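Take a look at the structure below.
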Amino acid sequence: MPETYAQRFRRSIAERESYWAEEAEAIHWHRRWERVLDYDRPPFARWFVGGETNLCHNMLDRHLPERADQRAIVWVSAELGKTEVWSYRELYARVQRYAAVFRDLGVGKGDRIIIYLPMIPEALAAMMACVRLGAIHSVVFGGFAPANLAQRIDDARPKLIVTADAGIRAGKVTPYKPLVDRALELARHPPARLLLIRRGLDPHCAMKAGRDLDLAELAEGKTGAPIEPVWVESSHPSYILYTSGTTGLPKGVQRDTGGSAVSLVHSLRRVYDARPGETYWATSDIGWVVGHSYIVYAPLLHGMTTIVYEGTPVTPDPGIWWRIVEEHKVNVMFSAPTAIRILRKQDPKYMRAADVGSLRYLFLAGEPLDEPTYHWVNDNLKRTVINHYWQTESGTPMLANCAGVELRPIKPGSPSFPVFGYDLKVVEPVTGRELPPGEKGVLVAKPPLPPGALSTVWGNDQRFLDSYYGHFPELLYYSGDFAIRDQDNYHFVLGRADEVINVAGHRLGTGEIEEAISGHPAVAEAAAVGVHDEIKGQAVVAFVVLKNEARLTPAEAEAAIKKQVDDVVGPIARPREVHLVPALPKTRSGKVIRRAIQAMAEGRDAGDLSTLEDPAAVAGIEKAVKGG
Ligand code: AMP
C-alpha cells in the first residue's frame, strides 16, 4: 500500500530527523552531515550540520553523465518572437565561463552579487555561477526603481552587479542600465564593478569607464581549466531575496544551501509530482521566490527541463501559453491566479485550441484563488488545477494538495493541507491559542521549520526574531495571513493579517509605499491601503494629505504622487487611485487606522472608531472615496 498523505505528514512531524535524512539522499553531498538538525538555539534551525555540498554541482555536474544533451533551459521570448534551447552541456559551459569571470574579478565564498536582469537564460547562468563559487546572490526584480535597488545594494553590499541593457514587456523596451546607473549613484556602498549583458535592445546604452565591463566579451576569453565547485557547509547562505514587510525597509530573506536543495527536490517529488527528464514551467519572474525555486533551482536540481519565459499571458494573443505547453511538452506548470484572471477575460477558445495533453497539473499560488477563476480554468483547460500556498520565507509550499504522494479531492478555493514538515496551526491573533476548525485566526507554524525555510534575516537576527517569532507568548512562526481550517483539515487562506498589500501575487509593504509618497516635497502624510481588484486581487489606493503651502492642482498632485511611487518603489506599486484628503484618521496615540481606511475604500463599514482622535477625518475619507 502506498503511504497516504496523512501517514507521511505524521511521520514528517513525529520523526522529523529521519524523515529529512531520507529525503536528503536525493542530493549529492561532498561530505555527509554529522547532525540532521541543530535546534539548540530556537527558533534558529540548522539542517544537515557539517554536511558539505554545492547547489551548482547538484544542478549541473551531477547530471552531465546522463543528461548532457537533454534540454536544460528552453527560453521563449514571446516579446522578441525567439526561442533558444540550452542543453545541460551548454549550460554547464556558460556557467563555467561566468564563474571564471566572477572569480577573476575577486568574487569568492560569501561575497555578494546583485543580479538585476530580465527573463533571459543568462540570468540563470549568472545565479548558478555565483553559487558555484560559494558566493551569495541577491536577485532584484527588474521592475524595481533605482531607490529601491539602492536600498538592497546598501543592505547586501555586493562586490558586483550584473545587469542588461534593457528588458521588454508587452512590446515596450525598458532600459535597465540607466536605472542601475542611478541606483549606484544613490547607494552608499555601490559595488566596484558592473557587468553588462548587451541584448541589443538599447543602442544608447553607455558604459562607465573603470567600472563597467561587458560580460559576454569577458566570458568569451574564459576557456581555461574548469572552475571546480566550492563545497560549502550546509547552512552557508546561497542567496538573499528581499521581501516586503510591515515596516519601510524590505527584509533580506536568507536561504541556506543544503536544506534548500533538499527541500526543493522534496517539493518536486512530493508536492508537484514532477519527474527527472520532464519539463517544468513556472511563469513567474526570477526576481520573485517562485522564480528562484521553480524556474531556476528545483527543476535543474531534479534533472528537468525548465522553461524561461519572457512575455505576458496575452502577447501576441491569449493562446500563447498553451501553444508553448504543446510545443515544448510541458508536464507541470505553475502560475498565479492573476494571470488566469487576465486570461479569463478572453475567449476560452484560445485555451482550447492547443493540445495540452502533456500537462498533468497546473499549480497556482501567490494570492487567494477565487472559486469562479478556479472553475473557469479547470473547466476549460481540463487538467488538474491545484491551488497551493507559500511565501518567500518558506521557499517551497506550506499548504498544498500533495499530488506526488496522494492527490486528495479538491475543494475549490482551498490550498488544502499542511505540506510535510510544516506543523501549521490556526490561532487566536493575540494569545496564540489554537482555534478549532471553522474559526478564523492567524496561520502559524510550530518551529523548527523544515529544511529550506529562511535561516534568518540577512545581517539582522533580531529582525528575524521580531518579525516572525515575536507575536505570541509561545514561540510560533507568524505567517502574516488569516486562515480557517475545516473539519476535514482543508485550509482556506483569507488574506493578510498585517499591513501588507498583495498586488498580482506580489507583496508590497504599506510602509514602503507611504514612505515613497511622503518623500514628495508637497506631501504632509500618506496612507496606502490594498483594496479589492477584479484582476490583480488587490490594488493600491493612497490617501494623501498635502502640505498647506503645496501649490498643486489635484490632477497635478495625483500625477506627481504616482510618479513618485514609480521612481522610488517601481511601477508595480503605483497607486490605482490617489485621494487627497484633509486628514488621516488616527488613534489618540497617533497611529493611522489603516484597517478603517481600507474598509471605507472598499465601501465597507469602518467598524468601531471610538478611539479616534479626529472624527472629521473619517468623513473626509468617505467623501473622497465616493468621489466628492
Ligand atoms: P510572497 O512571499 O511574495 O510569495 O507572498 C506570500 C504571500 O502571498 C502569502 O503570505 C499570502 O498572503 C499570499 N499567498 C500565497 N499563496 C496564496 C494562496 N494560495 N492563497 C492565498 N494567499 C496566498
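Chain lettering (A, B, ...) mirrors the order of the C-alpha cells, residue numbering begins at 1 for each chain separately, and ligand numbering begins at 1 in order of display.
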
Counting only C-alpha atoms and all ligand atoms, what are the residues, protein, DNA or RNA alike, that approach ligand 1 to within 9 Å? I want them as a compact mmCIF listing (two decimals) with all heavy atoms, in the first residue's frame.
```txt
# COMPACT_ATOMS: atom_id res chain seq x y z
N THR A 243 12.07 40.95 0.61
CA THR A 243 10.62 40.89 0.55
C THR A 243 10.03 41.93 1.49
O THR A 243 10.66 42.31 2.47
CB THR A 243 10.11 39.47 0.88
OG1 THR A 243 8.71 39.43 0.62
CG2 THR A 243 10.34 39.09 2.32
N SER A 244 8.82 42.37 1.14
CA SER A 244 8.21 43.46 1.91
C SER A 244 7.62 42.96 3.21
O SER A 244 7.03 41.89 3.27
CB SER A 244 7.11 44.10 1.09
OG SER A 244 7.64 44.60 -0.08
N TRP A 288 11.32 36.96 -8.17
CA TRP A 288 10.46 36.55 -7.06
C TRP A 288 10.87 35.16 -6.58
O TRP A 288 11.55 34.43 -7.30
CB TRP A 288 8.99 36.50 -7.50
CG TRP A 288 8.52 37.73 -8.20
CD1 TRP A 288 8.10 37.81 -9.48
CD2 TRP A 288 8.44 39.06 -7.67
NE1 TRP A 288 7.75 39.10 -9.78
CE2 TRP A 288 7.94 39.89 -8.70
CE3 TRP A 288 8.73 39.64 -6.42
CZ2 TRP A 288 7.73 41.25 -8.52
CZ3 TRP A 288 8.52 40.99 -6.25
CH2 TRP A 288 8.03 41.79 -7.29
N VAL A 289 10.33 34.78 -5.44
CA VAL A 289 10.73 33.48 -4.89
C VAL A 289 10.31 32.33 -5.78
O VAL A 289 11.03 31.34 -5.93
CB VAL A 289 10.22 33.31 -3.44
CG1 VAL A 289 8.70 33.15 -3.41
CG2 VAL A 289 10.89 32.14 -2.76
N VAL A 290 9.15 32.44 -6.41
CA VAL A 290 8.70 31.35 -7.29
C VAL A 290 9.71 31.15 -8.41
O VAL A 290 10.03 30.02 -8.80
CB VAL A 290 7.30 31.65 -7.89
CG1 VAL A 290 6.88 30.54 -8.84
CG2 VAL A 290 6.27 31.83 -6.79
N ALA A 336 0.04 32.09 -11.50
CA ALA A 336 -0.63 32.84 -10.42
C ALA A 336 -2.08 33.12 -10.80
O ALA A 336 -2.39 33.27 -11.99
CB ALA A 336 0.10 34.16 -10.20
N PRO A 337 -2.96 33.19 -9.82
CA PRO A 337 -4.36 33.48 -10.11
C PRO A 337 -4.56 34.73 -10.98
O PRO A 337 -5.42 34.74 -11.86
CB PRO A 337 -4.98 33.67 -8.72
CG PRO A 337 -4.17 32.78 -7.85
CD PRO A 337 -2.76 32.90 -8.38
N LEU A 364 -1.30 26.78 -8.89
CA LEU A 364 -1.45 28.23 -8.77
C LEU A 364 -1.14 28.67 -7.34
O LEU A 364 -1.52 27.98 -6.38
CB LEU A 364 -2.87 28.66 -9.13
CG LEU A 364 -3.30 28.35 -10.57
CD1 LEU A 364 -4.79 28.63 -10.76
CD2 LEU A 364 -2.49 29.16 -11.57
N ALA A 365 -0.43 29.78 -7.20
CA ALA A 365 -0.14 30.31 -5.86
C ALA A 365 0.19 31.79 -5.96
O ALA A 365 0.34 32.34 -7.04
CB ALA A 365 1.05 29.59 -5.24
N GLY A 366 0.31 32.40 -4.79
CA GLY A 366 0.75 33.78 -4.71
C GLY A 366 -0.30 34.70 -4.15
O GLY A 366 -0.01 35.78 -3.65
N GLU A 367 -1.56 34.29 -4.22
CA GLU A 367 -2.67 35.11 -3.75
C GLU A 367 -3.89 34.19 -3.70
O GLU A 367 -3.87 33.10 -4.27
CB GLU A 367 -2.91 36.25 -4.73
CG GLU A 367 -3.04 35.68 -6.12
CD GLU A 367 -3.10 36.70 -7.24
OE1 GLU A 367 -3.88 37.64 -7.11
OE2 GLU A 367 -2.39 36.49 -8.22
N PRO A 368 -4.95 34.64 -3.04
CA PRO A 368 -6.12 33.77 -2.98
C PRO A 368 -6.65 33.44 -4.38
O PRO A 368 -6.67 34.30 -5.26
CB PRO A 368 -7.13 34.61 -2.19
CG PRO A 368 -6.28 35.53 -1.36
CD PRO A 368 -5.10 35.85 -2.23
N LEU A 369 -7.03 32.19 -4.57
CA LEU A 369 -7.62 31.75 -5.84
C LEU A 369 -9.13 31.71 -5.65
O LEU A 369 -9.65 30.84 -4.95
CB LEU A 369 -7.09 30.36 -6.21
CG LEU A 369 -7.73 29.70 -7.43
CD1 LEU A 369 -7.50 30.50 -8.70
CD2 LEU A 369 -7.20 28.27 -7.62
N ASP A 370 -9.82 32.65 -6.28
CA ASP A 370 -11.28 32.70 -6.10
C ASP A 370 -11.92 31.54 -6.86
O ASP A 370 -11.40 31.07 -7.87
CB ASP A 370 -11.82 34.05 -6.58
CG ASP A 370 -11.39 34.37 -8.00
OD1 ASP A 370 -10.21 34.70 -8.21
OD2 ASP A 370 -12.23 34.23 -8.89
N ASN A 387 -4.50 24.62 -6.22
CA ASN A 387 -4.18 25.86 -5.50
C ASN A 387 -3.24 25.49 -4.37
O ASN A 387 -3.47 24.53 -3.64
CB ASN A 387 -5.50 26.43 -4.95
CG ASN A 387 -5.29 27.68 -4.11
OD1 ASN A 387 -4.24 28.32 -4.15
ND2 ASN A 387 -6.32 28.03 -3.35
N HIS A 388 -2.15 26.21 -4.22
CA HIS A 388 -1.27 25.95 -3.08
C HIS A 388 -0.73 27.27 -2.56
O HIS A 388 -0.81 28.30 -3.23
CB HIS A 388 -0.18 24.93 -3.42
CG HIS A 388 0.81 25.35 -4.47
ND1 HIS A 388 0.49 26.12 -5.57
CD2 HIS A 388 2.12 25.07 -4.58
CE1 HIS A 388 1.58 26.29 -6.30
NE2 HIS A 388 2.58 25.67 -5.72
N TYR A 389 -0.21 27.22 -1.35
CA TYR A 389 0.12 28.44 -0.63
C TYR A 389 1.54 28.37 -0.10
O TYR A 389 1.94 27.36 0.46
CB TYR A 389 -0.85 28.59 0.55
CG TYR A 389 -0.38 29.49 1.66
CD1 TYR A 389 -0.74 30.84 1.69
CD2 TYR A 389 0.41 29.00 2.70
CE1 TYR A 389 -0.31 31.67 2.72
CE2 TYR A 389 0.84 29.82 3.73
CZ TYR A 389 0.47 31.15 3.74
OH TYR A 389 0.89 31.96 4.75
N TRP A 390 2.28 29.45 -0.32
CA TRP A 390 3.59 29.56 0.31
C TRP A 390 4.07 30.98 0.29
O TRP A 390 3.37 31.88 -0.15
CB TRP A 390 4.58 28.59 -0.27
CG TRP A 390 4.77 28.56 -1.76
CD1 TRP A 390 3.84 28.18 -2.69
CD2 TRP A 390 5.96 28.87 -2.48
NE1 TRP A 390 4.39 28.23 -3.93
CE2 TRP A 390 5.69 28.65 -3.84
CE3 TRP A 390 7.24 29.29 -2.11
CZ2 TRP A 390 6.64 28.85 -4.84
CZ3 TRP A 390 8.19 29.48 -3.09
CH2 TRP A 390 7.89 29.28 -4.44
N GLN A 391 5.26 31.20 0.79
CA GLN A 391 5.79 32.55 0.97
C GLN A 391 7.27 32.57 0.60
O GLN A 391 7.93 31.54 0.60
CB GLN A 391 5.72 32.94 2.45
CG GLN A 391 4.41 32.68 3.11
CD GLN A 391 4.41 33.21 4.54
OE1 GLN A 391 5.15 32.73 5.37
NE2 GLN A 391 3.57 34.19 4.80
N THR A 392 7.78 33.77 0.39
CA THR A 392 9.22 33.93 0.17
C THR A 392 9.98 33.23 1.29
O THR A 392 11.00 32.58 1.05
CB THR A 392 9.56 35.43 0.16
OG1 THR A 392 8.78 36.07 -0.84
CG2 THR A 392 11.03 35.66 -0.12
N GLU A 393 9.47 33.34 2.50
CA GLU A 393 10.16 32.80 3.66
C GLU A 393 10.28 31.28 3.62
O GLU A 393 11.26 30.71 4.10
CB GLU A 393 9.43 33.20 4.95
CG GLU A 393 9.56 34.66 5.32
CD GLU A 393 8.62 35.59 4.56
OE1 GLU A 393 7.91 35.12 3.64
OE2 GLU A 393 8.59 36.79 4.89
N SER A 394 9.27 30.61 3.08
CA SER A 394 9.30 29.14 3.12
C SER A 394 10.10 28.58 1.94
O SER A 394 10.70 27.51 2.06
CB SER A 394 7.88 28.57 3.11
OG SER A 394 7.22 28.91 1.91
N GLY A 395 10.08 29.27 0.82
CA GLY A 395 10.84 28.82 -0.36
C GLY A 395 10.17 27.68 -1.10
O GLY A 395 10.47 27.44 -2.27
N PRO A 397 6.22 25.09 -0.96
CA PRO A 397 4.85 25.17 -0.45
C PRO A 397 4.68 24.82 1.03
O PRO A 397 5.36 23.92 1.54
CB PRO A 397 4.09 24.17 -1.33
CG PRO A 397 4.90 24.09 -2.56
CD PRO A 397 6.32 24.25 -2.15
N LEU A 399 1.18 24.89 2.19
CA LEU A 399 -0.12 24.23 2.11
C LEU A 399 -0.28 23.76 0.67
O LEU A 399 -0.02 24.53 -0.26
CB LEU A 399 -1.25 25.22 2.39
CG LEU A 399 -1.51 25.64 3.83
CD1 LEU A 399 -2.49 26.82 3.85
CD2 LEU A 399 -2.09 24.49 4.65
N ALA A 400 -0.70 22.52 0.50
CA ALA A 400 -0.90 22.02 -0.87
C ALA A 400 -1.66 20.70 -0.83
O ALA A 400 -1.73 20.03 0.20
CB ALA A 400 0.43 21.80 -1.58
N GLY A 413 -10.98 26.77 -4.03
CA GLY A 413 -10.68 27.88 -3.13
C GLY A 413 -9.72 27.52 -2.03
O GLY A 413 -9.13 28.38 -1.41
N SER A 414 -9.53 26.21 -1.79
CA SER A 414 -8.67 25.83 -0.67
C SER A 414 -7.31 25.34 -1.15
O SER A 414 -7.24 24.46 -2.00
CB SER A 414 -9.33 24.70 0.13
OG SER A 414 -8.38 24.15 1.02
N PRO A 415 -6.23 25.90 -0.57
CA PRO A 415 -4.90 25.32 -0.87
C PRO A 415 -4.65 24.03 -0.08
O PRO A 415 -3.52 23.53 -0.05
CB PRO A 415 -3.93 26.43 -0.49
CG PRO A 415 -4.67 27.39 0.35
CD PRO A 415 -6.14 27.13 0.23
N SER A 479 2.88 33.74 10.05
CA SER A 479 2.85 33.82 8.57
C SER A 479 2.39 35.18 8.08
O SER A 479 2.65 35.54 6.94
CB SER A 479 1.90 32.75 8.01
OG SER A 479 0.55 33.12 8.31
N GLY A 480 1.63 35.89 8.93
CA GLY A 480 1.06 37.16 8.47
C GLY A 480 -0.28 36.99 7.76
O GLY A 480 -0.87 37.96 7.30
N ASP A 481 -0.77 35.75 7.65
CA ASP A 481 -2.03 35.51 6.94
C ASP A 481 -3.13 35.02 7.87
O ASP A 481 -2.88 34.26 8.80
CB ASP A 481 -1.81 34.44 5.86
CG ASP A 481 -1.02 34.98 4.70
OD1 ASP A 481 -1.49 35.92 4.05
OD2 ASP A 481 0.10 34.47 4.46
N PHE A 482 -4.35 35.45 7.56
CA PHE A 482 -5.53 34.89 8.21
C PHE A 482 -5.88 33.58 7.52
O PHE A 482 -5.73 33.46 6.29
CB PHE A 482 -6.73 35.82 8.07
CG PHE A 482 -6.72 36.97 9.02
CD1 PHE A 482 -6.79 38.28 8.55
CD2 PHE A 482 -6.67 36.75 10.39
CE1 PHE A 482 -6.80 39.35 9.43
CE2 PHE A 482 -6.68 37.82 11.28
CZ PHE A 482 -6.74 39.12 10.80
N ALA A 483 -6.37 32.63 8.30
CA ALA A 483 -6.77 31.36 7.69
C ALA A 483 -7.89 30.73 8.50
O ALA A 483 -8.16 31.13 9.64
CB ALA A 483 -5.59 30.41 7.61
N PHE A 492 -8.15 27.34 4.31
CA PHE A 492 -8.52 28.43 3.41
C PHE A 492 -7.73 29.65 3.88
O PHE A 492 -7.75 29.96 5.07
CB PHE A 492 -10.02 28.70 3.48
CG PHE A 492 -10.85 27.57 2.92
CD1 PHE A 492 -11.10 26.42 3.70
CD2 PHE A 492 -11.34 27.61 1.63
CE1 PHE A 492 -11.84 25.36 3.18
CE2 PHE A 492 -12.07 26.56 1.11
CZ PHE A 492 -12.32 25.43 1.88
N VAL A 493 -7.02 30.29 2.97
CA VAL A 493 -6.23 31.46 3.35
C VAL A 493 -7.03 32.69 2.98
O VAL A 493 -7.48 32.84 1.85
CB VAL A 493 -4.85 31.45 2.67
CG1 VAL A 493 -4.06 32.70 3.02
CG2 VAL A 493 -4.07 30.21 3.10
N LEU A 494 -7.21 33.57 3.97
CA LEU A 494 -8.20 34.64 3.80
C LEU A 494 -7.59 36.02 3.61
O LEU A 494 -8.27 37.02 3.74
CB LEU A 494 -9.13 34.65 5.02
CG LEU A 494 -9.75 33.30 5.36
CD1 LEU A 494 -10.43 33.33 6.70
CD2 LEU A 494 -10.73 32.86 4.29
N GLY A 495 -6.31 36.10 3.34
CA GLY A 495 -5.68 37.42 3.14
C GLY A 495 -4.80 37.78 4.32
O GLY A 495 -4.74 37.07 5.32
N ARG A 496 -4.12 38.89 4.18
CA ARG A 496 -3.10 39.25 5.16
C ARG A 496 -3.71 39.77 6.46
O ARG A 496 -4.68 40.50 6.47
CB ARG A 496 -2.18 40.34 4.59
CG ARG A 496 -1.41 39.92 3.37
CD ARG A 496 -0.34 38.91 3.62
NE ARG A 496 0.66 39.34 4.58
CZ ARG A 496 1.83 38.72 4.76
NH1 ARG A 496 2.14 37.65 4.03
NH2 ARG A 496 2.67 39.14 5.66
N ALA A 497 -3.07 39.39 7.55
CA ALA A 497 -3.45 39.88 8.86
C ALA A 497 -2.64 41.13 9.21
O ALA A 497 -2.96 41.86 10.12
CB ALA A 497 -3.18 38.80 9.91
N VAL A 500 0.27 44.31 4.76
CA VAL A 500 0.95 44.01 3.51
C VAL A 500 -0.10 43.94 2.41
O VAL A 500 -1.19 43.42 2.62
CB VAL A 500 1.74 42.68 3.63
CG1 VAL A 500 2.15 42.17 2.26
CG2 VAL A 500 2.97 42.88 4.51
N ILE A 501 0.21 44.52 1.25
CA ILE A 501 -0.72 44.51 0.13
C ILE A 501 -0.21 43.50 -0.89
O ILE A 501 0.99 43.44 -1.15
CB ILE A 501 -0.80 45.92 -0.52
CG1 ILE A 501 -1.15 46.97 0.54
CG2 ILE A 501 -1.81 45.94 -1.65
CD1 ILE A 501 -1.15 48.40 0.02
N ASN A 502 -1.12 42.70 -1.44
CA ASN A 502 -0.71 41.69 -2.40
C ASN A 502 -1.27 42.05 -3.77
O ASN A 502 -2.44 41.83 -4.07
CB ASN A 502 -1.24 40.32 -1.94
CG ASN A 502 -0.68 39.18 -2.77
OD1 ASN A 502 -0.43 39.34 -3.96
ND2 ASN A 502 -0.50 38.04 -2.16
N GLY A 505 -0.12 38.94 -6.79
CA GLY A 505 0.79 37.94 -6.22
C GLY A 505 2.09 38.54 -5.73
O GLY A 505 2.97 37.82 -5.27
N HIS A 506 2.25 39.84 -5.83
CA HIS A 506 3.49 40.47 -5.38
C HIS A 506 3.25 41.24 -4.10
O HIS A 506 2.32 42.03 -4.00
CB HIS A 506 4.06 41.39 -6.45
CG HIS A 506 4.26 40.68 -7.74
ND1 HIS A 506 4.83 39.41 -7.79
CD2 HIS A 506 3.95 40.99 -9.00
CE1 HIS A 506 4.86 39.02 -9.04
NE2 HIS A 506 4.32 39.94 -9.79
N ARG A 507 4.13 40.99 -3.16
CA ARG A 507 3.94 41.55 -1.84
C ARG A 507 4.51 42.95 -1.74
O ARG A 507 5.66 43.17 -2.07
CB ARG A 507 4.72 40.66 -0.88
CG ARG A 507 3.91 40.20 0.27
CD ARG A 507 4.80 39.94 1.39
NE ARG A 507 5.29 38.58 1.36
CZ ARG A 507 6.01 38.09 2.35
NH1 ARG A 507 6.34 38.84 3.37
NH2 ARG A 507 6.44 36.87 2.30
N LEU A 508 3.70 43.88 -1.30
CA LEU A 508 4.17 45.26 -1.14
C LEU A 508 3.83 45.70 0.28
O LEU A 508 2.73 45.47 0.76
CB LEU A 508 3.46 46.18 -2.12
CG LEU A 508 3.64 45.85 -3.61
CD1 LEU A 508 2.63 46.61 -4.45
CD2 LEU A 508 5.06 46.18 -4.04
```

Identify, on the basis of only C-alpha atoms, every residue whose closest approach to Arg103 (chain A) does not exceed 12 Å; exclude the query and any residue fewer than 2 positions from it along the same chain; express the result as a short mmCIF file (atom, residue, chain, number, x, y, z; two decimals) with N, CA, C and O atoms, in the first residue's frame.
```
data_model
loop_
_atom_site.label_atom_id
_atom_site.label_comp_id
_atom_site.auth_asym_id
_atom_site.auth_seq_id
_atom_site.Cartn_x
_atom_site.Cartn_y
_atom_site.Cartn_z
N VAL A 95 28.00 28.47 -17.59
CA VAL A 95 28.19 28.72 -16.15
C VAL A 95 29.68 28.74 -15.82
O VAL A 95 30.15 29.58 -15.05
N GLN A 96 30.42 27.82 -16.43
CA GLN A 96 31.87 27.79 -16.23
C GLN A 96 32.49 29.14 -16.57
O GLN A 96 33.30 29.68 -15.83
N ARG A 97 32.09 29.68 -17.72
CA ARG A 97 32.72 30.94 -18.16
C ARG A 97 32.32 32.10 -17.24
O ARG A 97 33.15 32.92 -16.89
N TYR A 98 31.07 32.13 -16.86
CA TYR A 98 30.66 33.20 -15.95
C TYR A 98 31.39 33.07 -14.61
O TYR A 98 31.82 34.06 -14.02
N ALA A 99 31.50 31.82 -14.14
CA ALA A 99 32.17 31.62 -12.85
C ALA A 99 33.62 32.11 -12.94
O ALA A 99 34.14 32.73 -12.00
N ALA A 100 34.25 31.86 -14.09
CA ALA A 100 35.64 32.30 -14.26
C ALA A 100 35.71 33.84 -14.25
O ALA A 100 36.61 34.42 -13.65
N VAL A 101 34.74 34.48 -14.89
CA VAL A 101 34.72 35.95 -14.90
C VAL A 101 34.56 36.47 -13.46
O VAL A 101 35.31 37.34 -13.02
N LEU A 105 37.33 38.52 -11.06
CA LEU A 105 37.05 39.87 -10.53
C LEU A 105 37.05 39.86 -9.00
O LEU A 105 36.60 40.81 -8.36
N GLY A 106 37.51 38.76 -8.44
CA GLY A 106 37.73 38.73 -7.00
C GLY A 106 36.57 38.19 -6.18
O GLY A 106 36.55 38.30 -4.96
N VAL A 107 35.57 37.60 -6.84
CA VAL A 107 34.44 37.07 -6.09
C VAL A 107 34.80 35.71 -5.51
O VAL A 107 35.31 34.84 -6.21
N GLY A 108 34.56 35.54 -4.23
CA GLY A 108 34.83 34.26 -3.58
C GLY A 108 33.70 33.92 -2.63
O GLY A 108 32.66 34.60 -2.59
N LYS A 109 33.93 32.88 -1.87
CA LYS A 109 32.92 32.37 -0.94
C LYS A 109 32.40 33.48 -0.01
O LYS A 109 33.20 34.20 0.59
N ASP A 111 30.96 36.25 -0.74
CA ASP A 111 30.77 37.58 -1.36
C ASP A 111 29.38 37.63 -1.99
O ASP A 111 28.84 36.62 -2.40
N ILE A 113 26.65 39.09 -4.94
CA ILE A 113 26.49 39.61 -6.30
C ILE A 113 25.02 39.98 -6.45
O ILE A 113 24.15 39.17 -6.13
N ALA A 129 26.49 30.43 -11.53
CA ALA A 129 27.93 30.68 -11.42
C ALA A 129 28.25 31.23 -10.03
O ALA A 129 29.29 30.92 -9.44
N CYS A 130 27.35 32.04 -9.54
CA CYS A 130 27.53 32.65 -8.24
C CYS A 130 27.58 31.57 -7.15
O CYS A 130 28.54 31.49 -6.37
N VAL A 131 26.58 30.71 -7.09
CA VAL A 131 26.58 29.68 -6.04
C VAL A 131 27.68 28.64 -6.27
O VAL A 131 28.13 28.00 -5.32
N ARG A 132 28.14 28.51 -7.50
CA ARG A 132 29.25 27.58 -7.76
C ARG A 132 30.49 28.01 -6.97
O ARG A 132 31.25 27.19 -6.47
N LEU A 133 30.65 29.33 -6.87
CA LEU A 133 31.82 29.87 -6.16
C LEU A 133 31.57 30.01 -4.66
O LEU A 133 32.42 30.55 -3.94
N GLY A 134 30.39 29.61 -4.20
CA GLY A 134 30.07 29.81 -2.78
C GLY A 134 29.71 31.25 -2.49
O GLY A 134 29.60 31.66 -1.34
N ALA A 135 29.52 32.05 -3.56
CA ALA A 135 29.09 33.44 -3.37
C ALA A 135 27.57 33.46 -3.22
O ALA A 135 26.91 32.44 -3.47
N LYS A 159 29.83 42.84 -4.27
CA LYS A 159 31.08 43.15 -4.96
C LYS A 159 30.81 43.49 -6.42
O LYS A 159 31.54 44.25 -7.03
N LEU A 160 29.78 42.85 -6.96
CA LEU A 160 29.45 43.04 -8.38
C LEU A 160 27.97 43.23 -8.53
O LEU A 160 27.19 42.72 -7.73
N LEU A 218 34.06 39.34 -21.76
CA LEU A 218 34.94 38.72 -20.77
C LEU A 218 34.80 37.21 -20.79
O LEU A 218 35.78 36.47 -20.71
N ALA A 219 33.55 36.74 -20.90
CA ALA A 219 33.27 35.31 -20.81
C ALA A 219 33.91 34.55 -21.98
O ALA A 219 34.39 33.44 -21.82
N LYS A 222 37.27 33.10 -21.44
CA LYS A 222 37.50 32.18 -20.32
C LYS A 222 37.36 30.73 -20.77
O LYS A 222 36.30 30.12 -20.63
N PRO A 226 38.60 24.07 -15.89
CA PRO A 226 37.26 24.21 -15.30
C PRO A 226 37.32 24.78 -13.88
O PRO A 226 38.27 24.54 -13.15
N ILE A 227 36.29 25.52 -13.55
CA ILE A 227 36.18 26.06 -12.20
C ILE A 227 35.45 25.00 -11.37
O ILE A 227 34.28 24.72 -11.63
N GLU A 228 36.14 24.44 -10.43
CA GLU A 228 35.51 23.40 -9.60
C GLU A 228 34.52 24.04 -8.63
O GLU A 228 34.71 25.18 -8.20
N PRO A 229 33.46 23.32 -8.28
CA PRO A 229 32.51 23.88 -7.32
C PRO A 229 33.17 24.08 -5.96
O PRO A 229 34.00 23.27 -5.56
N VAL A 230 32.82 25.15 -5.29
CA VAL A 230 33.34 25.38 -3.93
C VAL A 230 32.38 24.70 -2.96
O VAL A 230 31.20 25.05 -2.90
#
```

Exercise for review: as a count of residues only, list the residues of region 274-351 of chain A assigned to strand (DSSP E or B) by DSSP on the backbone atoms of this structure.
Suggested key: 14

Exercise for review: Pull the alpha helix (DSSP H) assignments for region 211-396 of chain A out of DSSP run on the backbone, and list those residues as number ranges by chain.
Suggested key: A: 215-220, 258-270, 289-291, 298-301, 320-328, 337-344, 349-353, 371-381

Practice item. Kindly indicate which residue among A:Gly259, A:Glu220, A:Asn54, A:Leu249 lies nearest to Glu515 (chain A), using only C-alpha atoms for the distances. Key: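 Using only C-alpha atoms, Glu515 (chain A) sits closest to A:Leu249.
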
Determine, for each residue of region 501-538 of chain A having at least one atom at most 12 Å from an atom of region 551-555 of chain A, the closest pair of atoms and their separation in Å to one decimal, counting only C-alpha atoms; order by chain and ascending number, as CSV.
```
residue,atom,partner,partner_atom,distance
A:Pro521,CA,A:Arg551,CA,10.8
A:Ala522,CA,A:Arg551,CA,7.9
A:Val523,CA,A:Leu552,CA,10.5
```

Output N, CA and C atoms for every residue in that selection, as a JSON list (two decimals), in the first residue's frame.
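Final file, part22.json:
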```json
[["chain", "number", "residue", "atom", "x", "y", "z"],
["A", 521, "PRO", "N", 7.98, 66.52, -1.91],
["A", 521, "PRO", "CA", 8.01, 67.75, -1.11],
["A", 521, "PRO", "C", 6.64, 68.36, -0.81],
["A", 522, "ALA", "N", 5.62, 68.04, -1.62],
["A", 522, "ALA", "CA", 4.31, 68.65, -1.38],
["A", 522, "ALA", "C", 3.48, 67.85, -0.38],
["A", 523, "VAL", "N", 3.98, 66.69, 0.03],
["A", 523, "VAL", "CA", 3.15, 65.79, 0.84],
["A", 523, "VAL", "C", 3.43, 65.94, 2.34]]
```

**Study point:** Surrounding residues of region 167-184 of chain A excluding itself and chain neighbours under 4 positions, 6 Å, only C-alpha atoms, as an MDAnalysis selection string
**Key:** chainID A and resid 118 146:147 150 190 311

Point to revise | Contact residues around Arg62 (chain A) with only C-alpha atoms at 10 Å, ignoring same-chain residues under 3 positions, as number ranges by chain | key: A: 27-28, 56-59, 65-67, 301, 303

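Excluding Trp86 (chain A) itself and same-chain residues fewer than 2 positions from it, the residues having an atom within 7 Å of it are Arg71, Ala72, Ile73, Val74, Glu84, Tyr88, Glu90 and Leu91 of chain A, counting only C-alpha atoms.
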
Check your understanding: With only C-alpha atoms as the atoms that count, which of A:Met351, A:Val457, A:Met304, A:Ala6 lies nearest to Asp155 (chain A)?
Key -> A:Val457
